[in-house]
>>> print(open('protein-v1.json').read())   # JSON, C-alpha atoms
[["chain", "number", "residue", "atom", "x", "y", "z"],
["Q", 11, "MET", "CA", 0.00, 0.00, 0.00],
["Q", 12, "SER", "CA", 1.31, 3.40, -0.84],
["Q", 13, "ASP", "CA", 0.07, 6.92, -0.46],
["Q", 14, "THR", "CA", 0.74, 9.72, -2.88],
["Q", 15, "PRO", "CA", 1.31, 12.92, -0.92],
["Q", 16, "GLN", "CA", -0.89, 15.83, -1.97],
["Q", 17, "PRO", "CA", 0.76, 19.17, -2.82],
["Q", 18, "GLU", "CA", 0.59, 21.85, -0.16],
["Q", 19, "PRO", "CA", -1.76, 24.78, -0.81],
["Q", 20, "GLY", "CA", 0.04, 27.34, -2.93],
["Q", 21, "ASP", "CA", 2.48, 24.71, -4.26],
["Q", 22, "SER", "CA", 3.06, 25.47, -7.93],
["Q", 23, "SER", "CA", 4.46, 22.03, -8.82],
["Q", 24, "GLU", "CA", 2.15, 19.96, -11.00],
["Q", 25, "GLU", "CA", 3.24, 16.51, -9.81],
["Q", 26, "PRO", "CA", 3.24, 15.53, -6.14],
["Q", 27, "GLN", "CA", 6.52, 14.27, -4.73],
["Q", 28, "ARG", "CA", 6.60, 10.59, -3.81],
["Q", 29, "GLN", "CA", 8.13, 9.65, -0.49],
["Q", 30, "LYS", "CA", 10.18, 6.48, -0.24],
["Q", 31, "VAL", "CA", 9.32, 4.17, 2.63],
["Q", 32, "LYS", "CA", 12.06, 1.91, 3.94],
["Q", 33, "LEU", "CA", 10.41, -1.23, 5.30],
["Q", 34, "ASN", "CA", 11.95, -2.79, 8.40],
["Q", 35, "VAL", "CA", 10.82, -6.29, 9.42],
["Q", 36, "ASP", "CA", 12.00, -7.66, 12.77],
["Q", 37, "ASP", "CA", 13.56, -11.12, 12.68],
["Q", 38, "GLU", "CA", 10.67, -12.68, 14.62],
["Q", 39, "LEU", "CA", 8.20, -11.40, 11.98],
["Q", 40, "LYS", "CA", 10.11, -12.03, 8.76],
["Q", 41, "HIS", "CA", 8.59, -15.47, 8.10],
["Q", 42, "GLY", "CA", 5.04, -14.21, 8.57],
["Q", 43, "THR", "CA", 2.09, -16.04, 10.07],
["Q", 44, "TYR", "CA", -0.27, -18.25, 8.08],
["Q", 45, "ALA", "CA", -3.96, -17.31, 8.15],
["Q", 46, "ASN", "CA", -6.75, -18.93, 6.15],
["Q", 47, "PHE", "CA", -9.73, -17.04, 7.58],
["Q", 48, "LEU", "CA", -10.47, -13.36, 8.15],
["Q", 49, "ILE", "CA", -13.11, -11.62, 10.23],
["Q", 50, "VAL", "CA", -13.59, -7.88, 9.70],
["Q", 51, "SER", "CA", -15.50, -5.72, 12.16],
["Q", 52, "HIS", "CA", -15.69, -1.97, 12.73],
["Q", 53, "SER", "CA", -16.56, 0.81, 15.12],
["Q", 54, "PRO", "CA", -17.01, 4.49, 14.32],
["Q", 55, "HIS", "CA", -13.24, 4.97, 14.73],
["Q", 56, "GLU", "CA", -11.52, 1.84, 13.42],
["Q", 57, "PHE", "CA", -11.68, -1.36, 11.43],
["Q", 58, "THR", "CA", -10.50, -4.54, 13.13],
["Q", 59, "LEU", "CA", -9.08, -7.35, 11.00],
["Q", 60, "ASP", "CA", -8.77, -10.67, 12.83],
["Q", 61, "PHE", "CA", -6.57, -13.02, 10.84],
["Q", 62, "CYS", "CA", -7.25, -16.60, 11.91],
["Q", 63, "GLN", "CA", -6.22, -20.19, 11.37],
["Q", 64, "LEU", "CA", -9.36, -22.19, 10.73],
["Q", 65, "LEU", "CA", -8.87, -25.68, 12.11],
["Q", 66, "PRO", "CA", -10.43, -28.76, 10.52],
["Q", 67, "GLY", "CA", -13.75, -29.69, 12.08],
["Q", 68, "ASP", "CA", -14.24, -32.75, 14.24],
["Q", 69, "GLY", "CA", -17.66, -33.47, 12.81],
["Q", 70, "SER", "CA", -19.54, -31.23, 15.23],
["Q", 71, "GLU", "CA", -21.37, -28.09, 14.13],
["Q", 72, "GLU", "CA", -18.81, -25.85, 15.86],
["Q", 73, "VAL", "CA", -15.63, -24.95, 13.96],
["Q", 74, "HIS", "CA", -12.69, -23.39, 15.78],
["Q", 75, "ALA", "CA", -10.69, -20.47, 14.46],
["Q", 76, "ASP", "CA", -7.67, -19.23, 16.39],
["Q", 77, "VAL", "CA", -6.82, -15.54, 15.95],
["Q", 78, "VAL", "CA", -3.15, -15.35, 14.99],
["Q", 79, "SER", "CA", -3.03, -11.59, 14.44],
["Q", 80, "ARG", "CA", -5.38, -8.67, 15.12],
["Q", 81, "ILE", "CA", -4.80, -5.52, 13.11],
["Q", 82, "LYS", "CA", -6.66, -2.25, 13.74],
["Q", 83, "ILE", "CA", -6.73, 0.45, 11.07],
["Q", 84, "PRO", "CA", -8.47, 3.83, 10.85],
["Q", 85, "PRO", "CA", -11.30, 4.24, 8.32],
["Q", 86, "THR", "CA", -9.05, 6.59, 6.31],
["Q", 87, "VAL", "CA", -6.78, 3.64, 5.51],
["Q", 88, "ALA", "CA", -9.44, 0.97, 4.78],
["Q", 89, "GLY", "CA", -10.03, 2.01, 1.17],
["Q", 90, "LYS", "CA", -6.30, 2.08, 0.51],
["Q", 91, "VAL", "CA", -5.96, -1.47, 1.88],
["Q", 92, "ILE", "CA", -8.76, -2.66, -0.41],
["Q", 93, "ARG", "CA", -7.19, -0.98, -3.45],
["Q", 94, "ALA", "CA", -3.73, -2.37, -2.63],
["Q", 95, "LEU", "CA", -5.13, -5.90, -2.27],
["Q", 96, "ASN", "CA", -7.10, -5.54, -5.50],
["Q", 97, "THR", "CA", -4.03, -4.31, -7.40],
["Q", 98, "ASN", "CA", -1.90, -7.15, -6.07],
["Q", 99, "LEU", "CA", -4.59, -9.78, -6.75],
["Q", 100, "ASN", "CA", -4.89, -8.53, -10.34],
["Q", 101, "ASN", "CA", -1.09, -8.68, -10.74],
["Q", 102, "TYR", "CA", -1.06, -12.19, -9.26],
["Q", 103, "GLU", "CA", -3.83, -13.40, -11.59],
["Q", 104, "ASP", "CA", -2.11, -11.84, -14.61],
["Q", 105, "LYS", "CA", 0.99, -13.88, -13.79],
["Q", 106, "PHE", "CA", -0.47, -17.15, -12.41],
["Q", 107, "GLY", "CA", -4.08, -17.29, -13.63],
["Q", 108, "ASN", "CA", -7.39, -16.76, -11.87],
["Q", 109, "VAL", "CA", -7.67, -17.67, -8.21],
["Q", 110, "LYS", "CA", -10.48, -20.12, -7.58],
["Q", 111, "GLU", "CA", -12.41, -19.27, -4.46],
["Q", 112, "VAL", "CA", -13.15, -22.14, -2.07],
["Q", 113, "GLY", "CA", -16.18, -22.28, 0.20]]
>>> encode(input="protein-v1.json", output="structure tokens")
Amino acid sequence: MSDTPQPEPGDSSEEPQRQKVKLNVDDELKHGTYANFLIVSHSPHEFTLDFCQLLPGDGSEEVHADVVSRIKIPPTVAGKVIRALNTNLNNYEDKFGNVKEVG
């Protein structure tokens, strides 16, 4: 996800300057965490994304999902997340073919 800075009022330049973001990933996070289920909820001030590992059922009606990461974002970022995911999904499908949804 990237943001394009808007020019300041009175700025005569036609194109906004792009800031470079240097990403730093701590060693304990660099391998990531697998999640195969997502629950999204919201309040007036934030969206909560609960990334989960959905465990195989034991035949009962109840299925267990363990939250492996909870991310909270402000509403001002939610649209940017959706656009970034959409862009990356389109790029992925252009390279590897359409993703078939399961379930």
>>> atom_distance(input="protein-v1.json", atom1="atom CA of Arg80 of chain Q", atom2="atom CA of Gln63 of chain Q")
12.1 Å
>>> residues_around(input="protein-v1.json", residues="Leu59 of chain Q", least_positions_apart="2", cutoff="9 Å", atoms="all atoms listed in the file", output="ChimeraX atom specification")
/Q:48-52,57,61,79-83
>>> atom_distance(input="protein-v1.json", atom1="atom CA of His74 of chain Q", atom2="atom CA of Phe47 of chain Q")
10.8 Å
>>> atom_distance(input="protein-v1.json", atom1="atom CA of Val77 of chain Q", atom2="atom CA of Thr43 of chain Q")
10.7 Å
>>> residues_around(input="protein-v1.json", residues="His55 of chain Q", least_positions_apart="5", cutoff="12 Å", atoms="only C-alpha atoms", output="ChimeraX atom specification")
/Q:82-88
